[in-house]
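A.B. asks: For reference, the file target.txt (compact mmCIF, C-alpha atoms) is included below:
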```
# COMPACT_ATOMS: atom_id res chain seq x y z
CA MET W 240 9.09 -28.12 9.78
CA SER W 241 7.21 -24.89 10.18
CA LYS W 242 7.81 -21.98 7.85
CA VAL W 243 7.88 -18.24 8.42
CA ILE W 244 6.61 -16.29 5.41
CA VAL W 245 6.78 -12.51 5.19
CA VAL W 246 4.33 -10.60 3.00
CA THR W 247 6.24 -7.50 2.02
CA SER W 248 6.47 -4.80 -0.67
CA GLY W 249 8.18 -1.64 0.49
CA LYS W 250 5.46 0.51 -1.02
CA GLY W 251 2.17 1.01 0.81
CA GLY W 252 -1.28 0.29 -0.56
CA VAL W 253 -0.26 -2.47 -2.96
CA GLY W 254 -2.18 -5.24 -1.20
CA LYS W 255 0.01 -6.67 1.56
CA THR W 256 -2.74 -7.00 4.15
CA THR W 257 -5.28 -8.22 1.58
CA THR W 258 -2.72 -10.83 0.53
CA SER W 259 -1.78 -11.80 4.10
CA ALA W 260 -5.45 -12.35 4.95
CA SER W 261 -6.27 -14.41 1.85
CA PHE W 262 -3.00 -16.32 1.75
CA SER W 263 -3.14 -17.37 5.40
CA SER W 264 -6.82 -18.32 5.02
CA GLY W 265 -5.96 -20.38 1.94
CA LEU W 266 -3.22 -22.25 3.79
CA ALA W 267 -5.63 -22.95 6.65
CA LEU W 268 -8.38 -24.10 4.25
CA ARG W 269 -5.97 -26.75 3.03
CA GLY W 270 -5.66 -28.09 6.55
CA ASN W 271 -2.45 -26.37 7.65
CA LYS W 272 -2.23 -24.95 11.14
CA THR W 273 -1.61 -21.30 10.33
CA VAL W 274 -1.10 -18.07 12.24
CA VAL W 275 -1.02 -14.59 10.71
CA ILE W 276 0.77 -11.79 12.55
CA ASP W 277 0.20 -8.06 12.04
CA PHE W 278 3.57 -6.28 12.29
CA ASP W 279 2.16 -2.83 11.62
CA VAL W 280 2.46 -1.56 15.18
CA GLY W 281 0.62 1.73 15.56
CA LEU W 282 -1.52 1.25 12.44
CA ARG W 283 -3.05 -2.19 12.80
CA ASN W 284 -5.49 -3.17 10.09
CA LEU W 285 -5.26 -6.90 9.62
CA ASP W 286 -7.93 -7.32 12.32
CA LEU W 287 -10.39 -5.29 10.20
CA ILE W 288 -9.63 -7.22 7.01
CA MET W 289 -10.05 -10.51 8.90
CA GLY W 290 -13.23 -9.20 10.54
CA CYS W 291 -12.06 -9.80 14.12
CA GLU W 292 -11.54 -6.20 15.22
CA ARG W 293 -14.05 -6.41 18.05
CA ARG W 294 -12.42 -9.46 19.53
CA VAL W 295 -8.97 -7.91 19.97
CA VAL W 296 -8.07 -7.83 23.65
CA TYR W 297 -4.31 -8.26 23.74
CA ASP W 298 -1.66 -7.76 21.10
CA ILE W 299 1.87 -8.75 20.09
CA ILE W 300 3.49 -6.09 22.32
CA ASN W 301 1.64 -7.43 25.37
CA VAL W 302 3.14 -10.83 24.60
CA ILE W 303 6.65 -9.45 24.01
CA ASN W 304 6.51 -7.58 27.31
CA GLY W 305 5.42 -10.75 29.09
CA GLU W 306 2.11 -9.27 30.22
CA VAL W 307 0.05 -12.09 28.72
CA SER W 308 0.72 -15.50 27.20
CA LEU W 309 0.64 -16.11 23.47
CA LYS W 310 -2.45 -18.23 23.91
CA GLN W 311 -4.29 -15.30 25.49
CA ALA W 312 -3.43 -12.96 22.62
CA LEU W 313 -4.19 -15.29 19.69
CA ILE W 314 -7.63 -14.82 18.11
CA LYS W 315 -9.30 -17.74 16.40
CA ASP W 316 -10.46 -16.94 12.89
CA LYS W 317 -14.22 -17.01 12.29
CA ASN W 318 -13.97 -18.66 8.85
CA CYS W 319 -11.21 -21.23 9.22
CA ASP W 320 -10.66 -23.74 12.00
CA ASN W 321 -6.89 -23.89 11.62
CA LEU W 322 -6.26 -20.15 11.51
CA TYR W 323 -5.26 -17.74 14.30
CA ILE W 324 -4.54 -14.02 14.24
CA LEU W 325 -2.00 -12.16 16.35
CA PRO W 326 -2.88 -8.46 16.19
CA ALA W 327 -0.53 -5.50 16.29
CA SER W 328 -0.67 -2.92 19.03
CA GLN W 329 -2.58 0.26 18.27
CA THR W 330 -1.06 2.43 20.98
CA ARG W 331 2.64 1.59 21.23
CA ASP W 332 5.37 2.63 18.87
CA LYS W 333 7.42 0.46 16.54
CA GLU W 334 10.42 0.38 18.85
CA ALA W 335 8.53 -1.88 21.26
CA LEU W 336 8.81 -4.56 18.60
CA ASN W 337 12.37 -5.74 19.30
CA LEU W 338 14.11 -8.58 17.48
CA GLU W 339 14.71 -10.69 20.60
CA GLY W 340 11.05 -10.52 21.60
CA VAL W 341 9.84 -11.37 18.11
CA GLU W 342 12.25 -14.29 17.85
CA ARG W 343 10.96 -15.69 21.14
CA ILE W 344 7.35 -15.47 19.90
CA LEU W 345 8.16 -17.03 16.53
CA ASN W 346 9.99 -19.93 18.19
CA GLU W 347 7.02 -20.58 20.42
CA LEU W 348 4.64 -20.42 17.44
CA ARG W 349 6.85 -22.81 15.45
CA GLU W 350 6.05 -25.52 18.01
CA THR W 351 2.34 -25.44 17.14
CA PHE W 352 1.93 -24.01 13.65
CA ASP W 353 2.90 -25.19 10.18
CA TYR W 354 2.88 -21.71 8.67
CA ILE W 355 3.54 -18.33 10.28
CA VAL W 356 2.55 -15.48 7.96
CA CYS W 357 4.00 -12.05 8.82
CA ASP W 358 2.09 -9.06 7.43
CA SER W 359 4.75 -6.36 7.05
CA PRO W 360 4.09 -2.65 7.36
CA ALA W 361 5.05 -0.41 4.41
CA GLY W 362 8.46 1.22 4.28
CA ILE W 363 11.90 -0.11 5.11
CA GLU W 364 12.15 1.03 8.71
CA SER W 365 12.27 -1.03 11.89
CA GLY W 366 8.74 -2.49 11.66
CA ALA W 367 9.21 -3.75 8.11
CA PHE W 368 12.72 -4.94 8.94
CA THR W 369 11.55 -6.90 11.99
CA ALA W 370 8.76 -8.51 9.93
CA MET W 371 11.20 -9.81 7.31
CA TYR W 372 14.22 -10.57 9.48
CA PHE W 373 13.26 -14.12 10.47
CA ALA W 374 11.58 -15.09 7.19
CA ASP W 375 12.21 -18.40 5.44
CA GLU W 376 10.22 -17.30 2.42
CA ALA W 377 8.90 -13.98 1.14
CA LEU W 378 5.87 -12.97 -0.91
CA VAL W 379 6.91 -9.75 -2.61
CA VAL W 380 3.66 -7.98 -3.47
CA THR W 381 4.11 -5.73 -6.49
CA ASN W 382 1.75 -3.55 -8.53
CA PRO W 383 2.42 -3.06 -12.25
CA GLU W 384 3.60 0.46 -11.63
CA VAL W 385 7.09 2.02 -11.54
CA SER W 386 7.32 3.06 -7.89
CA SER W 387 6.06 -0.29 -6.64
CA VAL W 388 8.54 -2.24 -8.80
CA ARG W 389 11.41 -0.07 -7.64
CA ASP W 390 10.47 -0.49 -3.97
CA SER W 391 10.16 -4.26 -4.42
CA ASP W 392 13.68 -4.30 -5.81
CA ARG W 393 14.85 -2.42 -2.76
CA ILE W 394 13.16 -4.96 -0.48
CA LEU W 395 14.76 -7.85 -2.40
CA GLY W 396 18.14 -6.22 -1.78
CA ILE W 397 17.46 -6.05 1.95
CA LEU W 398 16.24 -9.67 2.08
CA ALA W 399 19.39 -10.81 0.31
CA ALA W 400 21.78 -8.81 2.49
CA LYS W 401 20.26 -8.22 5.92
CA SER W 402 17.80 -10.98 6.77
CA LYS W 403 18.76 -13.50 9.45
CA ARG W 404 19.33 -16.14 6.80
CA ALA W 405 21.76 -13.81 5.01
CA VAL W 406 23.52 -12.78 8.21
CA ASP W 407 23.86 -16.40 9.42
CA GLY W 408 25.04 -17.57 6.00
CA LEU W 409 22.14 -20.01 5.56
CA ASP W 410 20.25 -20.71 2.34
CA PRO W 411 18.81 -17.40 1.14
CA VAL W 412 15.19 -16.40 1.80
CA LYS W 413 13.05 -17.98 -0.92
CA GLU W 414 11.46 -15.11 -2.84
CA HIS W 415 8.15 -15.19 -4.69
CA LEU W 416 6.78 -12.44 -6.91
CA LEU W 417 3.07 -11.74 -6.49
CA VAL W 418 1.68 -9.19 -8.94
CA THR W 419 -1.53 -7.59 -7.71
CA ARG W 420 -4.06 -5.12 -9.16
CA TYR W 421 -3.30 -6.43 -12.64
CA ASP W 422 -5.41 -5.18 -15.51
CA PRO W 423 -4.83 -7.26 -18.69
CA LYS W 424 -6.84 -4.76 -20.75
CA ARG W 425 -4.48 -1.93 -19.94
CA VAL W 426 -1.47 -4.21 -20.45
CA GLU W 427 -2.70 -5.06 -23.94
CA ALA W 428 -3.20 -1.37 -24.65
CA GLY W 429 0.43 -0.75 -23.72
CA GLU W 430 -0.56 1.34 -20.71
CA MET W 431 0.60 -1.01 -17.98
CA LEU W 432 3.73 -3.06 -17.32
CA SER W 433 3.12 -6.72 -18.11
CA VAL W 434 3.85 -9.62 -15.75
CA THR W 435 6.71 -10.58 -18.07
CA ASP W 436 8.15 -7.06 -17.86
CA ILE W 437 8.04 -7.09 -14.06
CA GLN W 438 9.55 -10.56 -13.88
CA GLU W 439 12.30 -9.55 -16.27
CA ILE W 440 13.14 -6.55 -14.12
CA LEU W 441 12.93 -8.16 -10.66
CA ARG W 442 14.26 -11.58 -11.71
CA ILE W 443 12.43 -13.72 -9.15
CA PRO W 444 9.95 -16.55 -9.76
CA LEU W 445 6.28 -15.60 -10.19
CA ILE W 446 3.85 -17.21 -7.75
CA GLY W 447 0.69 -15.56 -9.02
CA VAL W 448 -1.20 -12.67 -10.54
CA ILE W 449 -4.19 -11.12 -8.76
CA PRO W 450 -6.45 -9.16 -11.11
CA GLU W 451 -7.67 -5.67 -10.30
CA SER W 452 -11.18 -6.21 -8.97
CA GLU W 453 -14.04 -4.52 -7.26
CA SER W 454 -14.46 -7.51 -5.00
CA VAL W 455 -11.37 -6.63 -2.94
CA LEU W 456 -13.12 -3.54 -1.59
CA GLN W 457 -16.29 -5.52 -0.99
CA ALA W 458 -14.31 -8.12 0.93
CA SER W 459 -12.68 -5.50 3.14
CA ASN W 460 -16.02 -3.77 3.67
CA ALA W 461 -17.41 -7.02 5.01
CA GLY W 462 -14.33 -8.11 6.96
CA THR W 463 -14.10 -11.35 5.01
CA PRO W 464 -10.80 -12.22 3.29
CA ALA W 465 -11.24 -12.05 -0.50
CA ILE W 466 -10.38 -15.75 -0.92
CA HIS W 467 -13.78 -16.66 0.59
CA LEU W 468 -15.80 -14.70 -1.99
CA ASP W 469 -17.93 -16.79 -4.33
CA LYS W 470 -17.41 -16.54 -8.08
CA SER W 471 -14.64 -14.00 -7.76
CA ASP W 472 -11.49 -13.87 -9.92
CA VAL W 473 -9.54 -12.65 -6.92
CA ALA W 474 -10.55 -15.63 -4.78
CA GLU W 475 -9.63 -18.04 -7.57
CA ALA W 476 -6.30 -16.30 -8.13
CA TYR W 477 -5.43 -16.47 -4.43
CA ARG W 478 -6.34 -20.16 -4.31
CA ASP W 479 -3.94 -20.73 -7.20
CA VAL W 480 -1.22 -18.86 -5.30
CA VAL W 481 -1.68 -21.10 -2.26
CA GLY W 482 -1.65 -24.18 -4.48
CA ARG W 483 1.62 -23.17 -6.11
CA PHE W 484 3.12 -22.27 -2.76
CA MET W 485 2.34 -25.76 -1.51
CA GLY W 486 4.05 -27.27 -4.51
CA GLU W 487 1.07 -28.12 -6.69
CA GLU W 488 2.27 -28.36 -10.26
CA GLY W 489 0.70 -27.52 -13.58
CA LEU W 490 -1.59 -24.72 -12.37
CA PRO W 491 -1.97 -22.35 -15.33
CA MET W 492 -1.47 -18.63 -14.72
CA ARG W 493 -5.02 -17.30 -15.00
CA PHE W 494 -6.41 -13.77 -15.37
CA VAL W 495 -3.40 -12.48 -17.31
CA THR W 496 -5.12 -12.04 -20.66
CA VAL W 497 -8.24 -10.17 -21.70
CA GLU W 498 -11.30 -12.38 -21.63
CA LYS W 499 -12.80 -12.66 -25.06
CA LYS W 500 -16.41 -11.57 -25.00
CA GLY W 501 -19.13 -13.37 -26.86
CA PHE W 502 -21.16 -11.64 -29.53
CA PHE W 503 -24.20 -11.13 -27.31
CA LYS W 504 -22.22 -9.83 -24.37
CA ARG W 505 -20.64 -7.26 -26.65
CA LEU W 506 -24.03 -6.39 -28.10
CA LEU W 507 -25.44 -5.87 -24.63
CA GLY W 508 -22.45 -3.75 -23.64
CA GLY W 509 -21.19 -5.99 -20.85
CA ARG W 510 -17.82 -4.90 -19.51
CA MET Y 216 -6.13 -2.64 -32.75
CA SER Y 217 -9.04 -1.26 -34.72
CA MET Y 218 -8.51 0.68 -37.91
CA ILE Y 219 -9.55 3.97 -36.34
CA SER Y 220 -7.29 3.77 -33.33
CA GLY Y 221 -4.53 2.58 -35.64
CA LEU Y 222 -5.08 5.65 -37.78
CA ILE Y 223 -5.07 7.92 -34.76
CA SER Y 224 -1.79 6.56 -33.50
CA TYR Y 225 -0.39 6.90 -37.01
CA LEU Y 226 -1.43 10.56 -37.14
CA ARG Y 227 0.05 11.13 -33.72
CA GLY Y 228 3.37 10.04 -35.09
CA ASN Y 229 3.60 6.65 -33.37
CA GLU Y 230 4.11 7.71 -29.78
CA LYS Y 231 5.91 5.22 -27.60
CA LYS Y 232 3.57 3.25 -25.35
CA THR Y 233 3.92 4.33 -21.74
CA ALA Y 234 4.46 0.75 -20.51
CA ILE Y 235 7.60 0.56 -22.64
CA VAL Y 236 8.78 3.89 -21.28
CA ALA Y 237 8.15 2.61 -17.75
CA LYS Y 238 10.14 -0.55 -18.35
CA GLU Y 239 13.09 1.30 -19.83
CA ARG Y 240 13.17 3.83 -17.01
CA LEU Y 241 13.05 1.05 -14.41
CA GLN Y 242 15.82 -0.91 -16.06
CA ILE Y 243 18.10 2.11 -16.05
CA ILE Y 244 17.42 3.28 -12.50
CA LEU Y 245 17.54 -0.21 -11.00
CA ALA Y 246 20.82 -1.04 -12.72
CA HIS Y 247 22.18 2.08 -11.13
CA GLU Y 248 20.73 1.41 -7.67
CA ARG Y 249 21.82 -2.23 -7.66
CA ALA Y 250 25.36 -1.19 -8.59
CA GLY Y 251 25.37 1.18 -5.62
CA ARG Y 252 24.21 -1.62 -3.29
CA GLY Y 253 26.56 -4.36 -4.34
CA ALA Y 254 30.19 -4.43 -5.39
CA PRO Y 255 31.49 -0.98 -6.40
CA ALA Y 256 33.11 -1.99 -9.72
CA PRO Y 257 30.77 -3.73 -12.16
CA ASP Y 258 32.12 -7.04 -13.40
CA TYR Y 259 30.62 -6.75 -16.85
CA LEU Y 260 33.20 -4.28 -18.13
CA PRO Y 261 35.66 -6.80 -19.65
CA ALA Y 262 32.79 -8.64 -21.39
CA LEU Y 263 31.35 -5.35 -22.60
CA GLN Y 264 34.73 -4.38 -24.03
CA GLU Y 265 35.04 -7.74 -25.80
CA GLU Y 266 31.60 -7.47 -27.36
CA LEU Y 267 32.07 -3.87 -28.47
CA MET Y 268 35.33 -4.93 -30.03
CA VAL Y 269 33.57 -7.61 -32.05
CA VAL Y 270 30.88 -5.22 -33.25
CA ILE Y 271 33.29 -2.48 -34.25
CA ALA Y 272 35.62 -4.95 -35.96
CA LYS Y 273 32.72 -5.87 -38.23
CA TYR Y 274 32.90 -2.43 -39.80
CA ILE Y 275 36.33 -1.00 -39.16
CA HIS Y 276 39.67 -2.69 -38.87
CA ILE Y 277 41.01 -1.90 -35.40
CA ASP Y 278 43.22 -3.75 -33.00
CA ARG Y 279 42.63 -4.70 -29.42
CA GLU Y 280 44.70 -1.91 -27.91
CA SER Y 281 42.77 0.85 -29.60
CA ILE Y 282 39.59 0.33 -27.60
CA ASN Y 283 39.17 1.28 -23.98
CA VAL Y 284 36.06 1.08 -21.76
CA GLN Y 285 35.86 2.78 -18.36
CA LEU Y 286 33.24 3.55 -15.78
CA GLU Y 287 33.84 6.74 -13.86
CA LYS Y 288 32.01 8.59 -11.15
CA HIS Y 289 31.45 12.27 -11.76
CA GLY Y 290 29.65 13.61 -8.72
CA GLU Y 291 26.17 12.14 -8.82
CA TYR Y 292 26.58 10.53 -12.23
CA ASP Y 293 28.30 7.45 -13.47
CA VAL Y 294 29.89 7.98 -16.85
CA LEU Y 295 30.56 5.08 -19.15
CA GLU Y 296 33.53 6.19 -21.19
CA LEU Y 297 34.28 4.51 -24.48
CA ASN Y 298 37.52 5.40 -26.26
CA ILE Y 299 38.27 4.07 -29.70
CA THR Y 300 41.35 5.18 -31.55
CA LEU Y 301 40.73 4.91 -35.24
CA PRO Y 302 43.62 4.13 -37.55
CA ASP Y 303 44.90 6.98 -39.78
CA LYS Y 304 43.46 5.41 -42.87
CA ILE Y 305 40.13 3.79 -42.19
CA ARG Y 306 39.99 0.43 -43.89
CA LEU Y 307 36.38 -0.70 -44.14
CA ASN Y 308 35.75 -4.38 -43.59
CA ARG Y 309 32.90 -4.52 -46.02
```
Using structure tokens, write down the structure that the file contains.
C.D. replies:
Amino acid sequence: MSKVIVVTSGKGGVGKTTTSASFSSGLALRGNKTVVIDFDVGLRNLDLIMGCERRVVYDIINVINGEVSLKQALIKDKNCDNLYILPASQTRDKEALNLEGVERILNELRETFDYIVCDSPAGIESGAFTAMYFADEALVVTNPEVSSVRDSDRILGILAAKSKRAVDGLDPVKEHLLVTRYDPKRVEAGEMLSVTDIQEILRIPLIGVIPESESVLQASNAGTPAIHLDKSDVAEAYRDVVGRFMGEEGLPMRFVTVEKKGFFKRLLGGR
Amino acid sequence: MSMISGLISYLRGNEKKTAIVAKERLQIILAHERAGRGAPAPDYLPALQEELMVVIAKYIHIDRESINVQLEKHGEYDVLELNITLPDKIRLNR
């Protein structure tokens, strides 16, 4: 049974595309046939984060309009054998992304792929709605910051009331909280909402915490999803997320407390 | 917390940490927004009335009829109205 997973947040700039890229790569690294779709029609960026921007020829709108086949539009990822990317259109507007067309594409993808990851645009308008409508599960990406938490709550309300699963009266969309840009130091200083606070407010199960890190920018500079970076907290944290998503048990929640520094590190002024 | 920063926060008069402020603000606004999304009348009112009754009865002797809890809309605001009629002679329970 294939699964459609939407990566959503409401608020922009919280890490949806970063998460979509690393999460889909992680699923593929574990041997799952995976496709990641950019739903941000007009402002595509997943191609840049995945480092395949120069190989984009066709996009999702071309497929919806029947101009090319899905196979022609899918781009094979350069890092993972099992991963394909379906880019968004840069020139059309969001209205070209209609529900019937998207459903047709998803049904065709379900025949081949185990996981279909939908990278939602920000906001709650048609693009974001289309991205989440067919979801079986949702990664709700949230920063420890008031506006992001509020927008996530809004998105959870829409998932519960207006998604296809809700409309058809099926089991609800399975929701996962993913906290990103987390800084344990600031949490301990009382300057940032803690994971527990956010969980208490949003009341959905936590699938992972991604620490604030310089390596995310480095990954996007290079066009390599952060999960591939060596010796990076972010890569480790995303691998944990994928593990938990696939049902691995007993993975401790890492990077949520301040790392205790040794005497010499403190003496030398390491951060 | 080091002694110095502890002293500073003491001198500042123990300001509330901003993370706590953030959490409280979110809890209030989201309760409001969720109420607007879902069913119009909140279902916690009877339970709230019961619990208030228990708390007040700890201090003052009142009967069930003398407490009344209502949620009303006044323009943009929801007003939680709590009416307690105290007996003429207050008899303290402790």
A.B. asks: W:Glu350, W:Pro423, W:Gly270, W:Ser328: which is nearest Glu498 in chain W, counting all atoms listed in the file?
C.D. replies: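 Answer, going by the shortest atom-to-atom distance: W:Pro423.
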A.B. asks: Would you mind listing, as a ChimeraX atom specification, all residues of chain Y that have at least one atom within 6 Å of chain W, where all atoms listed in the file are what counts?
C.D. replies: /Y:232-234
A.B. asks: Between CA of Arg483 in chain W and CA of Leu322 in chain W, measure the distance and give it in Å to one decimal.
C.D. replies: 19.5 Å
A.B. asks: Find the residues near Tyr372 in chain W: any atom within 7 Å, counting all atoms listed in the file, skip ones fewer than 3 places away on the same chain, and give them as a list in words.
C.D. replies: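 Answer for this query is Phe368, Thr369, Ser402 and Lys403 of chain W.
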A.B. asks: Can you report as lines of an AutoDock Vina configuration file the centre and edge lengths in Å, to one decimal, of an axis-aligned box around the listed atoms of range 412-418 of chain W padded with 8 Å on each side?
C.D. replies:
```
center_x = 8.4
center_y = -13.6
center_z = -3.6
size_x = 29.5
size_y = 24.8
size_z = 26.7
```
A.B. asks: Measure the distance from CA of Val481 in chain W to CA of Thr258 in chain W in Å and round it to one decimal.
C.D. replies: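 Going from CA of Val481 in chain W over to CA of Thr258 in chain W, I get 10.7 Å.
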A.B. asks: Can you work out the spacing between CA of Asp358 in chain W and CA of Thr435 in chain W in Å, to one decimal?
C.D. replies: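 One can read the CA of Asp358 in chain W to CA of Thr435 in chain W distance as 26.0 Å.
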A.B. asks: So which residues touch range 295-299 of chain Y within 9 Å, counting all atoms listed in the file, skipping near sequence neighbours fewer than 3 positions away, as a ChimeraX atom specification?
C.D. replies: /Y:264,277,280-288
A.B. asks: Hey, which of W:Val412, W:Ile446, W:Ile299, W:Asp469 ends up closest to Gly486 in chain W? Count all atoms listed in the file.
C.D. replies: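 The closest residue to Gly486 in chain W is W:Ile446.
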A.B. asks: Excluding Glu364 in chain W and any residue of its chain fewer than 2 positions from it, enumerate the residues within 12 Å of it, using only C-alpha atoms, and give them as a CSV table (one decimal) with C-alpha atoms, keeping the file's coordinate frame.
C.D. replies:
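Everything below was put into around11.csv:
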```csv
chain,number,residue,atom,x,y,z
W,249,GLY,CA,8.2,-1.6,0.5
W,250,LYS,CA,5.5,0.5,-1.0
W,278,PHE,CA,3.6,-6.3,12.3
W,279,ASP,CA,2.2,-2.8,11.6
W,280,VAL,CA,2.5,-1.6,15.2
W,333,LYS,CA,7.4,0.5,16.5
W,334,GLU,CA,10.4,0.4,18.8
W,336,LEU,CA,8.8,-4.6,18.6
W,359,SER,CA,4.8,-6.4,7.0
W,360,PRO,CA,4.1,-2.6,7.4
W,361,ALA,CA,5.0,-0.4,4.4
W,362,GLY,CA,8.5,1.2,4.3
W,366,GLY,CA,8.7,-2.5,11.7
W,367,ALA,CA,9.2,-3.8,8.1
W,368,PHE,CA,12.7,-4.9,8.9
W,369,THR,CA,11.6,-6.9,12.0
W,370,ALA,CA,8.8,-8.5,9.9
W,371,MET,CA,11.2,-9.8,7.3
W,372,TYR,CA,14.2,-10.6,9.5
W,394,ILE,CA,13.2,-5.0,-0.5
W,397,ILE,CA,17.5,-6.0,2.0
```
A.B. asks: Pick from W:Ala327, W:Ala405, W:Ile355, W:Ile314: nearest to Gly290 in chain W, with all atoms listed in the file counted?
C.D. replies: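 So, comparing all the options, the nearest one is W:Ile314.
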A.B. asks: Compare W:Leu417, W:Cys357, W:Val495, W:Ala374 by their minimum atom-to-atom distance to Ser387 in chain W, counting only C-alpha atoms, and give me the closest one.
C.D. replies: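 Among the listed residues, the smallest separation from Ser387 in chain W belongs to W:Leu417.
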A.B. asks: Select all residues near (4.5, -4.3, 25.9) (cut-off 12 Å, inclusive, file coordinates), counting only C-alpha atoms, and output them as a ChimeraX atom specification.
C.D. replies: /W:280,297-308,327-337,340-341
A.B. asks: Go ahead and dump the residues you just picked, C-alpha atoms, as a PDB file, keeping the file's coordinate frame.
C.D. replies:
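As a result, selection_8.pdb now contains:
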```pdb
ATOM      1  CA  VAL W 280       2.460  -1.560  15.180  1.00  0.00           C
ATOM      2  CA  TYR W 297      -4.310  -8.260  23.740  1.00  0.00           C
ATOM      3  CA  ASP W 298      -1.660  -7.760  21.100  1.00  0.00           C
ATOM      4  CA  ILE W 299       1.870  -8.750  20.090  1.00  0.00           C
ATOM      5  CA  ILE W 300       3.490  -6.090  22.320  1.00  0.00           C
ATOM      6  CA  ASN W 301       1.640  -7.430  25.370  1.00  0.00           C
ATOM      7  CA  VAL W 302       3.140 -10.830  24.600  1.00  0.00           C
ATOM      8  CA  ILE W 303       6.650  -9.450  24.010  1.00  0.00           C
ATOM      9  CA  ASN W 304       6.510  -7.580  27.310  1.00  0.00           C
ATOM     10  CA  GLY W 305       5.420 -10.750  29.090  1.00  0.00           C
ATOM     11  CA  GLU W 306       2.110  -9.270  30.220  1.00  0.00           C
ATOM     12  CA  VAL W 307       0.050 -12.090  28.720  1.00  0.00           C
ATOM     13  CA  SER W 308       0.720 -15.500  27.200  1.00  0.00           C
ATOM     14  CA  ALA W 327      -0.530  -5.500  16.290  1.00  0.00           C
ATOM     15  CA  SER W 328      -0.670  -2.920  19.030  1.00  0.00           C
ATOM     16  CA  GLN W 329      -2.580   0.260  18.270  1.00  0.00           C
ATOM     17  CA  THR W 330      -1.060   2.430  20.980  1.00  0.00           C
ATOM     18  CA  ARG W 331       2.640   1.590  21.230  1.00  0.00           C
ATOM     19  CA  ASP W 332       5.370   2.630  18.870  1.00  0.00           C
ATOM     20  CA  LYS W 333       7.420   0.460  16.540  1.00  0.00           C
ATOM     21  CA  GLU W 334      10.420   0.380  18.850  1.00  0.00           C
ATOM     22  CA  ALA W 335       8.530  -1.880  21.260  1.00  0.00           C
ATOM     23  CA  LEU W 336       8.810  -4.560  18.600  1.00  0.00           C
ATOM     24  CA  ASN W 337      12.370  -5.740  19.300  1.00  0.00           C
ATOM     25  CA  GLY W 340      11.050 -10.520  21.600  1.00  0.00           C
ATOM     26  CA  VAL W 341       9.840 -11.370  18.110  1.00  0.00           C
TER      27      VAL W 341
END
```
